[in-house]
$ cat structure.pdb   # PDB, C-alpha atoms
ATOM      1  CA  MET A 106      18.423  -0.829  40.676
ATOM      2  CA  ALA A 107      15.301   0.884  39.383
ATOM      3  CA  SER A 108      14.036   3.940  41.198
ATOM      4  CA  ASP A 109      10.562   4.147  42.716
ATOM      5  CA  ASP A 110       9.407   6.506  39.930
ATOM      6  CA  GLU A 111      10.332   3.979  37.249
ATOM      7  CA  ILE A 112       8.555   1.184  39.106
ATOM      8  CA  GLU A 113       5.410   3.309  39.513
ATOM      9  CA  LYS A 114       5.492   4.165  35.830
ATOM     10  CA  LEU A 115       5.761   0.488  34.868
ATOM     11  CA  LEU A 116       2.909  -0.426  37.208
ATOM     12  CA  ARG A 117       0.694   2.272  35.634
ATOM     13  CA  GLU A 118       1.493   0.952  32.151
ATOM     14  CA  ILE A 119       0.627  -2.593  33.201
ATOM     15  CA  SER A 120      -2.630  -1.556  34.830
ATOM     16  CA  GLY A 121      -3.451   0.514  31.740
ATOM     17  CA  GLN A 122      -3.031  -2.549  29.545
ATOM     18  CA  ASP A 123      -5.265  -4.647  31.780
ATOM     19  CA  SER A 124      -8.136  -2.156  31.829
ATOM     20  CA  PRO A 125     -10.898  -2.521  29.194
ATOM     21  CA  GLN A 126     -10.710   1.176  28.274
ATOM     22  CA  PRO A 127      -7.808   2.257  26.100
ATOM     23  CA  ALA A 128      -5.317   4.577  27.697
ATOM     24  CA  PRO A 129      -5.147   8.075  26.221
ATOM     25  CA  VAL A 130      -2.415   8.394  23.650
ATOM     26  CA  GLN A 131      -0.013  11.245  24.203
ATOM     27  CA  ARG A 132       0.874  12.865  20.926
ATOM     28  CA  LYS A 133       3.557  15.315  20.201
ATOM     29  CA  GLU A 134       2.076  18.209  18.280
ATOM     30  CA  SER A 135       4.165  20.305  16.002
ATOM     31  CA  GLY A 136       3.326  23.688  14.587
ATOM     32  CA  THR A 137       3.658  22.661  10.945
ATOM     33  CA  PRO A 138       2.191  19.628   9.210
ATOM     34  CA  ALA A 139       4.526  17.110   7.656
ATOM     35  CA  GLN A 140       5.237  17.846   4.026
ATOM     36  CA  ARG A 141       4.640  15.122   1.517
ATOM     37  CA  ASP A 142       6.547  14.762  -1.675
ATOM     38  CA  GLN A 143       4.596  16.381  -4.450
ATOM     39  CA  SER A 144       4.009  13.790  -7.098
ATOM     40  CA  THR A 145       2.266  14.168 -10.379
ATOM     41  CA  SER A 146      -0.018  11.681 -12.025
ATOM     42  CA  GLY A 147       2.812  10.840 -14.436
ATOM     43  CA  GLY A 148       4.142   8.233 -12.048
ATOM     44  CA  ARG A 149       0.699   6.730 -11.654
ATOM     45  CA  VAL A 150       0.094   6.552 -15.405
ATOM     46  CA  ALA A 151       3.548   5.107 -16.087
ATOM     47  CA  TYR A 152       3.053   2.479 -13.386
ATOM     48  CA  ALA A 153      -0.365   1.600 -14.806
ATOM     49  CA  ALA A 154       1.003   1.348 -18.351
ATOM     50  CA  VAL A 155       3.857  -0.945 -17.305
ATOM     51  CA  GLY A 156       1.477  -3.093 -15.279
ATOM     52  CA  ALA A 157      -0.948  -3.295 -18.195
ATOM     53  CA  ALA A 158       1.818  -4.336 -20.579
ATOM     54  CA  VAL A 159       3.137  -7.037 -18.264
ATOM     55  CA  MET A 160      -0.277  -8.433 -17.400
ATOM     56  CA  GLY A 161      -1.431  -8.202 -21.026
ATOM     57  CA  ALA A 162       1.544 -10.302 -22.105
ATOM     58  CA  GLY A 163       0.810 -12.758 -19.303
ATOM     59  CA  GLY A 164      -2.831 -12.940 -20.302
ATOM     60  CA  ALA A 165      -1.909 -13.539 -23.921
ATOM     61  CA  MET A 166       0.398 -16.377 -22.883
ATOM     62  CA  ALA A 167      -2.394 -17.872 -20.786
ATOM     63  CA  GLY A 168      -4.706 -17.617 -23.795
ATOM     64  CA  LEU A 169      -2.089 -19.338 -25.903
ATOM     65  CA  LEU A 170      -1.796 -22.273 -23.516
ATOM     66  CA  LEU A 171      -5.453 -22.745 -22.571
ATOM     67  CA  PRO A 172      -7.690 -24.365 -25.172
ATOM     68  CA  GLY A 173     -10.863 -22.552 -26.192
ATOM     69  CA  ILE A 174      -9.705 -19.098 -25.036
ATOM     70  CA  SER A 175      -8.714 -16.390 -27.495
ATOM     71  CA  ILE A 176      -5.209 -14.974 -27.135
ATOM     72  CA  PHE A 177      -6.335 -11.495 -28.135
ATOM     73  CA  SER A 178      -9.323 -11.175 -25.798
ATOM     74  CA  THR A 179      -7.466 -12.642 -22.828
ATOM     75  CA  GLY A 180      -4.508 -10.300 -23.298
ATOM     76  CA  ILE A 181      -6.702  -7.220 -23.747
ATOM     77  CA  GLY A 182      -8.849  -8.129 -20.738
ATOM     78  CA  ALA A 183      -5.809  -8.618 -18.515
ATOM     79  CA  ALA A 184      -4.234  -5.372 -19.717
ATOM     80  CA  VAL A 185      -7.378  -3.302 -19.164
ATOM     81  CA  GLY A 186      -7.970  -4.842 -15.742
ATOM     82  CA  ALA A 187      -4.384  -4.250 -14.656
ATOM     83  CA  PHE A 188      -4.471  -0.666 -15.921
ATOM     84  CA  ILE A 189      -7.646   0.155 -13.972
ATOM     85  CA  ILE A 190      -6.388  -1.457 -10.770
ATOM     86  CA  ALA A 191      -3.008   0.290 -11.032
ATOM     87  CA  MET A 192      -4.671   3.670 -11.641
ATOM     88  CA  VAL A 193      -6.871   3.243  -8.575
ATOM     89  CA  SER A 194      -4.192   1.905  -6.235
ATOM     90  CA  GLY A 195      -1.294   4.096  -7.415
ATOM     91  CA  PRO A 196       2.370   3.219  -7.614
ATOM     92  CA  PRO A 197       4.309   1.879  -4.642
ATOM     93  CA  ARG A 198       7.038   4.009  -3.074
ATOM     94  CA  TRP A 199       9.873   2.105  -4.737
ATOM     95  CA  PHE A 200       8.502   2.893  -8.211
ATOM     96  CA  SER A 201       8.817   6.659  -7.796
ATOM     97  CA  ARG A 202      12.444   6.677  -6.616
TER      98      ARG A 202
END

$ encode --input "structure.pdb" --output "structure tokens"
Amino acid sequence: MASDDEIEKLLREISGQDSPQPAPVQRKESGTPAQRDQSTSGGRVAYAAVGAAVMGAGGAMAGLLLPGISIFSTGIGAAVGAFIIAMVSGPPRWFSR
């Protein structure tokens, strides 16, 4: 059976959830900040280049299938757009493994 301390703790948590003001968050502070993996822009550029190549090929195929649209301009536009978006967003974690 639960002790009185555990029941009081659960009741405080429930009343904290019902109140309109958020309960203060208790954080564990450490003396040193967490270290992040140092990555260079090489991963970002490689990711952007691969994305540009894939989307450029897809854009060219779309230009091939759609009437009235140039294959060249559609492929270049898709490649440039994908490159810019990939440079801004950066590679996902799985790409840099």

$ closest_residue --input "structure.pdb" --among "A:Ile112, A:Ile174, A:Ile119, A:Ala153" --to "Phe188 (chain A)" --atoms "all atoms listed in the file"
A:Ala153

$ residues_around --input "structure.pdb" --residues "Ala158 (chain A)" --least-positions-apart "2" --cutoff "12 Å" --atoms "only C-alpha atoms" --output "list in words"
Ala151, Tyr152, Ala153, Ala154, Val155, Gly156, Met160, Gly161, Ala162, Gly163, Gly164, Ala165, Gly180, Ile181, Gly182, Ala183, Ala184, Val185, Gly186, Ala187, Phe188 and Ala191 of chain A

$ atom_distance --input "structure.pdb" --atom1 "CA of Val150 (chain A)" --atom2 "CA of Val193 (chain A)"
10.3 Å

$ atom_distance --input "structure.pdb" --atom1 "CA of Phe200 (chain A)" --atom2 "CA of Met166 (chain A)"
25.5 Å

$ atom_distance --input "structure.pdb" --atom1 "CA of Ala157 (chain A)" --atom2 "CA of Trp199 (chain A)"
18.1 Å

$ axis_aligned_box --input "structure.pdb" --around "region 154-171 of chain A" --padding-each-side "5 Å" --output "AutoDock Vina command-line options"
--center_x -0.8 --center_y -10.7 --center_z -20.6 --size_x 19.3 --size_y 34.1 --size_z 20.6

$ build_atoms --input "structure.pdb" --residues "region 154-171 of chain A" --atoms "N, CA and C atoms" --output "PDB file, keeping the file's coordinate frame"
ATOM      1  N   ALA A 154       0.670   1.805 -17.003  1.00  0.00           N
ATOM      2  CA  ALA A 154       1.003   1.348 -18.351  1.00  0.00           C
ATOM      3  C   ALA A 154       1.944   0.141 -18.311  1.00  0.00           C
ATOM      4  N   VAL A 155       2.927   0.190 -17.429  1.00  0.00           N
ATOM      5  CA  VAL A 155       3.857  -0.945 -17.305  1.00  0.00           C
ATOM      6  C   VAL A 155       3.114  -2.171 -16.789  1.00  0.00           C
ATOM      7  N   GLY A 156       2.263  -1.973 -15.806  1.00  0.00           N
ATOM      8  CA  GLY A 156       1.477  -3.093 -15.279  1.00  0.00           C
ATOM      9  C   GLY A 156       0.553  -3.679 -16.325  1.00  0.00           C
ATOM     10  N   ALA A 157      -0.063  -2.814 -17.134  1.00  0.00           N
ATOM     11  CA  ALA A 157      -0.948  -3.295 -18.195  1.00  0.00           C
ATOM     12  C   ALA A 157      -0.179  -4.092 -19.241  1.00  0.00           C
ATOM     13  N   ALA A 158       1.017  -3.621 -19.591  1.00  0.00           N
ATOM     14  CA  ALA A 158       1.818  -4.336 -20.579  1.00  0.00           C
ATOM     15  C   ALA A 158       2.246  -5.715 -20.074  1.00  0.00           C
ATOM     16  N   VAL A 159       2.685  -5.763 -18.827  1.00  0.00           N
ATOM     17  CA  VAL A 159       3.137  -7.037 -18.264  1.00  0.00           C
ATOM     18  C   VAL A 159       1.971  -8.011 -18.139  1.00  0.00           C
ATOM     19  N   MET A 160       0.861  -7.540 -17.581  1.00  0.00           N
ATOM     20  CA  MET A 160      -0.277  -8.433 -17.400  1.00  0.00           C
ATOM     21  C   MET A 160      -0.938  -8.794 -18.731  1.00  0.00           C
ATOM     22  N   GLY A 161      -0.909  -7.880 -19.695  1.00  0.00           N
ATOM     23  CA  GLY A 161      -1.431  -8.202 -21.026  1.00  0.00           C
ATOM     24  C   GLY A 161      -0.630  -9.308 -21.679  1.00  0.00           C
ATOM     25  N   ALA A 162       0.690  -9.240 -21.553  1.00  0.00           N
ATOM     26  CA  ALA A 162       1.544 -10.302 -22.105  1.00  0.00           C
ATOM     27  C   ALA A 162       1.283 -11.622 -21.378  1.00  0.00           C
ATOM     28  N   GLY A 163       1.120 -11.541 -20.067  1.00  0.00           N
ATOM     29  CA  GLY A 163       0.810 -12.758 -19.303  1.00  0.00           C
ATOM     30  C   GLY A 163      -0.542 -13.335 -19.672  1.00  0.00           C
ATOM     31  N   GLY A 164      -1.519 -12.474 -19.881  1.00  0.00           N
ATOM     32  CA  GLY A 164      -2.831 -12.940 -20.302  1.00  0.00           C
ATOM     33  C   GLY A 164      -2.806 -13.564 -21.685  1.00  0.00           C
ATOM     34  N   ALA A 165      -2.040 -12.971 -22.577  1.00  0.00           N
ATOM     35  CA  ALA A 165      -1.909 -13.539 -23.921  1.00  0.00           C
ATOM     36  C   ALA A 165      -1.245 -14.914 -23.870  1.00  0.00           C
ATOM     37  N   MET A 166      -0.253 -15.071 -23.027  1.00  0.00           N
ATOM     38  CA  MET A 166       0.398 -16.377 -22.883  1.00  0.00           C
ATOM     39  C   MET A 166      -0.572 -17.409 -22.303  1.00  0.00           C
ATOM     40  N   ALA A 167      -1.395 -16.962 -21.348  1.00  0.00           N
ATOM     41  CA  ALA A 167      -2.394 -17.872 -20.786  1.00  0.00           C
ATOM     42  C   ALA A 167      -3.408 -18.263 -21.861  1.00  0.00           C
ATOM     43  N   GLY A 168      -3.795 -17.310 -22.696  1.00  0.00           N
ATOM     44  CA  GLY A 168      -4.706 -17.617 -23.795  1.00  0.00           C
ATOM     45  C   GLY A 168      -4.091 -18.540 -24.818  1.00  0.00           C
ATOM     46  N   LEU A 169      -2.788 -18.457 -24.968  1.00  0.00           N
ATOM     47  CA  LEU A 169      -2.089 -19.338 -25.903  1.00  0.00           C
ATOM     48  C   LEU A 169      -2.077 -20.778 -25.387  1.00  0.00           C
ATOM     49  N   LEU A 170      -1.916 -20.937 -24.090  1.00  0.00           N
ATOM     50  CA  LEU A 170      -1.796 -22.273 -23.516  1.00  0.00           C
ATOM     51  C   LEU A 170      -3.138 -22.937 -23.233  1.00  0.00           C
ATOM     52  N   LEU A 171      -4.160 -22.167 -22.927  1.00  0.00           N
ATOM     53  CA  LEU A 171      -5.453 -22.745 -22.571  1.00  0.00           C
ATOM     54  C   LEU A 171      -6.307 -22.942 -23.828  1.00  0.00           C
TER      55      LEU A 171
END
